[in-house]
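> Dropping in upload-v5.csv, with CSV, C-alpha atoms.
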chain,number,residue,atom,x,y,z
A,25,MET,CA,-10.3,-9.5,-0.5
A,26,GLY,CA,-8.2,-6.8,-2.1
A,27,LEU,CA,-8.0,-4.1,-4.7
A,28,ILE,CA,-9.6,-6.1,-7.5
A,29,ASP,CA,-12.6,-6.8,-5.1
A,30,SER,CA,-12.8,-3.1,-4.4
A,31,ILE,CA,-12.9,-2.3,-8.1
A,32,ARG,CA,-15.6,-5.1,-8.6
A,33,VAL,CA,-17.7,-3.5,-5.8
A,34,LEU,CA,-17.3,0.0,-7.3
A,35,ASN,CA,-18.3,-1.3,-10.8
A,36,ASN,CA,-21.4,-3.0,-9.2
A,37,LEU,CA,-22.3,0.4,-7.6
A,38,LYS,CA,-22.0,2.0,-11.0
A,39,ARG,CA,-24.2,-0.7,-12.5
A,40,ARG,CA,-26.8,-0.1,-9.8
A,41,ARG,CA,-26.5,3.7,-10.6
A,42,VAL,CA,-25.4,4.5,-7.0
A,43,ILE,CA,-22.2,5.9,-8.7
A,44,ARG,CA,-22.7,7.6,-12.1
A,45,ASP,CA,-19.1,7.4,-13.1
A,46,TYR,CA,-15.7,7.1,-11.4
A,47,VAL,CA,-12.0,7.2,-12.1
A,48,LEU,CA,-9.0,5.8,-10.2
A,49,ILE,CA,-6.3,8.3,-9.2
A,50,GLY,CA,-3.3,8.2,-6.9
A,51,GLY,CA,-0.9,5.3,-6.3
A,52,VAL,CA,-3.1,2.6,-7.6
A,53,ALA,CA,-3.8,4.5,-10.9
A,54,SER,CA,-0.1,5.3,-11.3
A,55,THR,CA,0.6,1.6,-11.0
A,56,ALA,CA,-1.3,1.1,-14.3
A,57,TYR,CA,1.6,2.9,-16.1
A,58,MET,CA,4.7,2.1,-13.9
A,59,GLU,CA,6.1,-0.4,-11.5
A,60,PRO,CA,3.9,-1.1,-8.5
A,61,VAL,CA,4.5,1.4,-5.7
A,62,PHE,CA,3.4,0.8,-2.2
A,63,THR,CA,0.1,2.5,-1.3
A,64,GLU,CA,-2.4,1.7,1.4
A,65,ASP,CA,-5.6,3.1,-0.1
A,66,LEU,CA,-7.6,3.5,-3.3
A,67,ASP,CA,-8.3,7.0,-4.3
A,68,VAL,CA,-11.3,7.6,-6.6
A,69,ILE,CA,-13.0,10.6,-8.2
A,70,VAL,CA,-16.8,10.3,-8.5
A,71,MET,CA,-19.0,12.2,-10.9
A,72,VAL,CA,-21.5,14.4,-9.0
A,73,ASP,CA,-23.1,17.7,-9.8
A,74,THR,CA,-23.8,19.1,-6.3
A,75,ASP,CA,-22.7,18.6,-2.7
A,76,GLU,CA,-26.1,17.2,-1.9
A,77,GLU,CA,-25.6,14.5,-4.5
A,78,TYR,CA,-22.2,13.7,-3.1
A,79,ILE,CA,-23.6,13.4,0.5
A,80,GLN,CA,-26.3,11.0,-0.9
A,81,LEU,CA,-23.7,9.0,-2.7
A,82,PHE,CA,-21.4,8.9,0.3
A,83,GLN,CA,-24.2,7.6,2.5
A,84,ALA,CA,-25.3,5.1,-0.1
A,85,VAL,CA,-21.7,3.7,-0.6
A,86,SER,CA,-21.5,3.3,3.2
A,87,GLY,CA,-24.3,0.8,2.9
A,88,TYR,CA,-22.2,-1.3,0.7
A,89,SER,CA,-18.9,-0.9,2.5
A,90,ASP,CA,-17.5,-3.1,5.3
A,91,GLY,CA,-17.0,-0.1,7.6
A,92,MET,CA,-15.4,3.3,7.8
A,93,GLU,CA,-11.8,4.3,8.7
A,94,GLY,CA,-11.8,8.1,9.1
A,95,MET,CA,-13.1,9.4,5.7
A,96,HIS,CA,-12.3,6.1,4.0
A,97,HIS,CA,-14.9,3.5,3.1
A,98,ILE,CA,-13.6,0.0,3.6
A,99,ILE,CA,-14.5,-1.8,0.4
A,100,GLY,CA,-13.2,-5.3,-0.4
A,101,GLY,CA,-10.9,-4.9,2.7
A,102,VAL,CA,-9.2,-1.8,1.2
A,103,PRO,CA,-9.7,1.8,2.4
A,104,VAL,CA,-11.3,3.8,-0.4
A,105,GLN,CA,-11.3,7.6,-0.4
A,106,ILE,CA,-14.0,9.1,-2.6
A,107,PHE,CA,-13.4,12.6,-4.0
A,108,PRO,CA,-16.4,14.4,-5.7
A,109,THR,CA,-15.9,16.3,-9.0
A,110,THR,CA,-17.5,19.3,-7.4
A,111,VAL,CA,-14.2,20.0,-5.5
A,112,LYS,CA,-12.4,21.4,-8.6
A,113,PRO,CA,-12.6,21.5,-12.3
A,114,LEU,CA,-9.4,19.4,-12.6
A,115,TYR,CA,-11.3,16.5,-11.2
A,116,VAL,CA,-14.0,16.8,-13.9
A,117,ASP,CA,-11.3,16.9,-16.6
A,118,THR,CA,-9.5,13.9,-15.0
A,119,LEU,CA,-12.7,11.9,-15.3
A,120,HIS,CA,-13.4,13.2,-18.8
A,121,ASP,CA,-9.9,12.2,-20.1
A,122,ALA,CA,-9.6,8.9,-18.3
A,123,ARG,CA,-8.2,5.8,-20.0
A,124,ARG,CA,-10.0,2.5,-19.8
A,125,VAL,CA,-7.9,-0.3,-18.4
A,126,ARG,CA,-8.7,-4.0,-18.2
A,127,VAL,CA,-8.4,-5.9,-14.9
A,128,GLY,CA,-9.1,-9.5,-15.7
A,129,ASN,CA,-12.7,-9.5,-16.8
A,130,LEU,CA,-13.3,-6.0,-15.3
A,131,ARG,CA,-13.0,-2.6,-17.0
A,132,VAL,CA,-12.0,0.4,-15.0
A,133,LYS,CA,-11.2,4.1,-15.8
A,134,VAL,CA,-7.8,5.3,-14.8
A,135,ALA,CA,-6.6,8.9,-14.9
A,136,SER,CA,-4.2,9.7,-17.7
A,137,PRO,CA,-0.5,10.0,-16.9
A,138,GLU,CA,-0.7,13.8,-17.5
A,139,HIS,CA,-3.5,14.1,-15.0
A,140,LEU,CA,-1.7,11.9,-12.5
A,141,VAL,CA,1.3,14.1,-12.7
A,142,ILE,CA,-0.6,17.3,-12.1
A,143,LEU,CA,-2.5,15.7,-9.2
A,144,ALA,CA,0.8,14.6,-7.7
A,145,LEU,CA,2.3,18.1,-8.3
A,146,GLU,CA,-0.6,19.5,-6.1
A,147,ALA,CA,0.2,17.0,-3.3
A,148,PHE,CA,4.0,17.1,-3.8
A,149,ARG,CA,5.0,14.9,-0.9
A,150,GLU,CA,8.3,12.9,-1.3
A,151,ARG,CA,6.4,9.9,-2.7
A,152,ASP,CA,4.5,12.1,-5.1
A,153,LYS,CA,7.9,13.4,-6.5
A,154,LEU,CA,9.1,9.8,-7.1
A,155,ARG,CA,5.8,9.1,-8.9
A,156,ILE,CA,6.1,12.2,-11.0
A,157,VAL,CA,9.7,11.3,-12.1
A,158,ALA,CA,8.5,7.8,-13.1
A,159,LEU,CA,5.4,9.1,-15.0
A,160,LEU,CA,7.0,12.0,-16.8
A,161,PRO,CA,8.6,10.0,-19.6
A,162,LEU,CA,5.1,8.6,-20.4
A,163,THR,CA,3.4,12.0,-20.6
A,164,GLU,CA,3.0,14.3,-23.6
A,165,THR,CA,4.7,17.6,-22.8
A,166,ASN,CA,2.2,19.8,-24.6
A,167,VAL,CA,-0.7,18.0,-22.9
A,168,LEU,CA,0.9,18.4,-19.5
A,169,ASP,CA,1.8,22.0,-20.1
A,170,ASP,CA,-1.8,22.7,-21.2
A,171,LEU,CA,-3.2,21.1,-18.1
A,172,ILE,CA,-0.9,23.2,-15.9
A,173,ARG,CA,-1.9,26.4,-17.8
A,174,ARG,CA,-5.6,25.6,-17.3
A,175,PHE,CA,-5.6,24.2,-13.7
A,176,ASP,CA,-2.6,25.8,-11.8
A,177,GLU,CA,-4.8,27.8,-9.4
A,178,THR,CA,-1.9,28.5,-7.0
A,179,LYS,CA,0.7,29.2,-9.8
A,180,THR,CA,3.1,26.9,-8.1
A,181,LEU,CA,2.8,23.7,-10.2
A,182,ALA,CA,5.0,24.8,-13.1
A,183,SER,CA,7.9,25.7,-10.8
A,184,ARG,CA,7.4,22.4,-8.9
A,185,LEU,CA,7.6,20.5,-12.1
A,186,ASP,CA,10.8,22.4,-13.2
A,187,THR,CA,12.6,21.1,-10.1
A,188,LEU,CA,11.9,17.6,-11.3
A,189,ARG,CA,12.5,17.9,-15.0
B,25,MET,CA,39.3,-25.3,-22.5
B,26,LYS,CA,39.8,-23.7,-19.2
B,27,PRO,CA,37.8,-20.5,-18.9
B,28,LYS,CA,39.9,-17.4,-18.4
B,29,ARG,CA,39.5,-15.5,-15.1
B,30,LEU,CA,38.3,-11.9,-15.4
B,31,PRO,CA,40.8,-9.3,-14.1
B,32,ALA,CA,40.1,-8.2,-10.6
B,33,ASP,CA,39.1,-4.7,-11.7
B,34,SER,CA,36.6,-6.0,-14.3
B,35,THR,CA,33.2,-4.3,-14.2
B,36,LEU,CA,31.6,-6.9,-16.4
B,37,TYR,CA,29.8,-8.7,-13.6
B,38,ALA,CA,28.5,-5.5,-12.1
B,39,GLU,CA,27.4,-4.3,-15.5
B,40,ALA,CA,25.5,-7.6,-16.2
B,41,ILE,CA,23.8,-7.4,-12.8
B,42,PHE,CA,22.6,-3.8,-13.5
B,43,ARG,CA,21.5,-4.8,-17.0
B,44,GLU,CA,19.4,-7.7,-15.6
B,45,LYS,CA,18.0,-5.5,-12.8
B,46,ASP,CA,17.0,-2.9,-15.4
B,47,LYS,CA,15.2,-5.7,-17.4
B,48,TYR,CA,13.5,-6.9,-14.3
B,49,HIS,CA,12.1,-3.4,-13.5
B,50,ARG,CA,11.0,-2.9,-17.1
B,51,ARG,CA,9.1,-6.3,-16.9
B,52,ARG,CA,7.5,-5.2,-13.7
B,53,ALA,CA,6.4,-1.9,-15.2
B,54,THR,CA,4.8,-3.5,-18.3
B,55,MET,CA,3.0,-6.5,-16.7
B,56,SER,CA,-0.8,-6.5,-16.7
B,57,PHE,CA,-2.7,-4.1,-14.3
B,58,ALA,CA,-4.3,-7.2,-12.7
B,59,ARG,CA,-0.9,-8.6,-11.8
B,60,LYS,CA,0.2,-5.2,-10.5
B,61,LEU,CA,-2.8,-5.0,-8.3
B,62,GLU,CA,-2.0,-8.5,-6.9
B,63,VAL,CA,1.5,-7.2,-6.0
B,64,LEU,CA,-0.1,-4.2,-4.3
B,65,ASP,CA,-2.5,-6.5,-2.4
B,66,ARG,CA,0.5,-8.5,-1.2
B,67,LEU,CA,2.2,-5.3,0.0
B,68,ILE,CA,-0.9,-4.1,1.8
B,69,ASN,CA,-1.3,-7.5,3.5
B,70,MET,CA,2.4,-7.4,4.5
B,71,ARG,CA,2.3,-3.9,5.9
B,72,ARG,CA,1.8,-5.1,9.5
B,73,HIS,CA,4.9,-7.2,9.3
B,74,LEU,CA,7.2,-4.6,7.7
B,75,PRO,CA,10.0,-3.5,10.0
B,76,LYS,CA,9.4,-0.1,11.6
B,77,LEU,CA,12.0,2.3,13.1
B,78,SER,CA,11.5,2.7,16.8
B,79,ARG,CA,11.2,6.3,18.0
So, in terms of structure tokens, how does the structure I just supplied come out?


Amino acid sequence: MGLIDSIRVLNNLKRRRVIRDYVLIGGVASTAYMEPVFTEDLDVIVMVDTDEEYIQLFQAVSGYSDGMEGMHHIIGGVPVQIFPTTVKPLYVDTLHDARRVRVGNLRVKVASPEHLVILALEAFRERDKLRIVALLPLTETNVLDDLIRRFDETKTLASRLDTLR
Amino acid sequence: MKPKRLPADSTLYAEAIFREKDKYHRRRATMSFARKLEVLDRLINMRRHLPKLSR
């Protein structure tokens, strides 16, 4: 039981068309690019077109999970939080520009470093700041600046980034 | 030949330690995603045993 098992279950759900597509974000996704950082859950963006589709998916995933912990499904012993693409256009873009990473014999989509930085800029907790500093050297400045220009709804992300550059 | 002792104010040992530490962290950053996930799993399993500050 562990993160690899969670990814295996999520891939099976994709094969059974319960989930159309998904991408890893957050601490686990960041670990694909940097040294492992402690995280307790697996954050995932799933492709849906409507809130109804998300509710259906959420309920269907519950059938395959070992239980619930708040809004987290326990999958493979790991709390998994599922965010729908309907929440914001940035999530659609994150899924669209995801990188494919191999985990043993599994393949999984992981958010690009630029998307992970902009998502961490939104959350901007102390641990997000550490993650941003570690990921920044791996990002392409023009790509990141373009993402901030397109998705900075609150007009705070650029100034947050400046404090860490 | 008897090895020469380093002077007391030498920073060579400390520099070597930091160089090695840097190499270690670079290795950890570039290992496979599967191995990294195993590290995270170990951390998650250990979380109950991590020391916590009492309030």

> Can you work out which one of A:Val70, A:Met58, A:Val125, A:Ile49 has the shortest atom-to-atom distance to Ile142 (chain A), counting all atoms listed in the file?

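Looking at the shortest contact to Ile142 (chain A), the residue is A:Ile49.
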
> B:His73, B:Arg59, B:Arg52, B:Lys26: which is nearest chain A, counting all atoms listed in the file?

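Selected residue with least distance to chain A: B:Arg52.
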
> Between A:Leu27, A:Lys153, A:Asp75, A:Arg32, which has the minimum distance to Leu140 (chain A) (counting only C-alpha atoms)?

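Distance minimum relative to Leu140 (chain A) lands on A:Lys153.
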
> Between CA of Phe57 (chain B) and CA of Ala56 (chain A), what is the distance, to one decimal in Å?

5.4 Å

> As a compact mmCIF listing (two decimals) with C-alpha atoms, in the coordinates of the input, could you give me every residue of chain A near chain B (at most 8 Å apart, counting all atoms listed in the file)?


# COMPACT_ATOMS: atom_id res chain seq x y z
CA GLY A 26 -8.20 -6.80 -2.10
CA LEU A 27 -8.00 -4.10 -4.70
CA ILE A 28 -9.60 -6.10 -7.50
CA VAL A 52 -3.10 2.60 -7.60
CA THR A 55 0.60 1.60 -11.00
CA ALA A 56 -1.30 1.10 -14.30
CA TYR A 57 1.60 2.90 -16.10
CA MET A 58 4.70 2.10 -13.90
CA GLU A 59 6.10 -0.40 -11.50
CA PRO A 60 3.90 -1.10 -8.50
CA VAL A 61 4.50 1.40 -5.70
CA PHE A 62 3.40 0.80 -2.20
CA THR A 63 0.10 2.50 -1.30
CA GLU A 64 -2.40 1.70 1.40
CA VAL A 125 -7.90 -0.30 -18.40
CA ARG A 126 -8.70 -4.00 -18.20
CA VAL A 127 -8.40 -5.90 -14.90
CA GLY A 128 -9.10 -9.50 -15.70

> Name all residues at most 12 Å from Val33 (chain A) (count all atoms listed in the file; drop same-chain ones fewer than 6 positions away) and give them as a ChimeraX atom specification.

/A:25-27,39-40,42-43,85-90,97-102,104,130,132
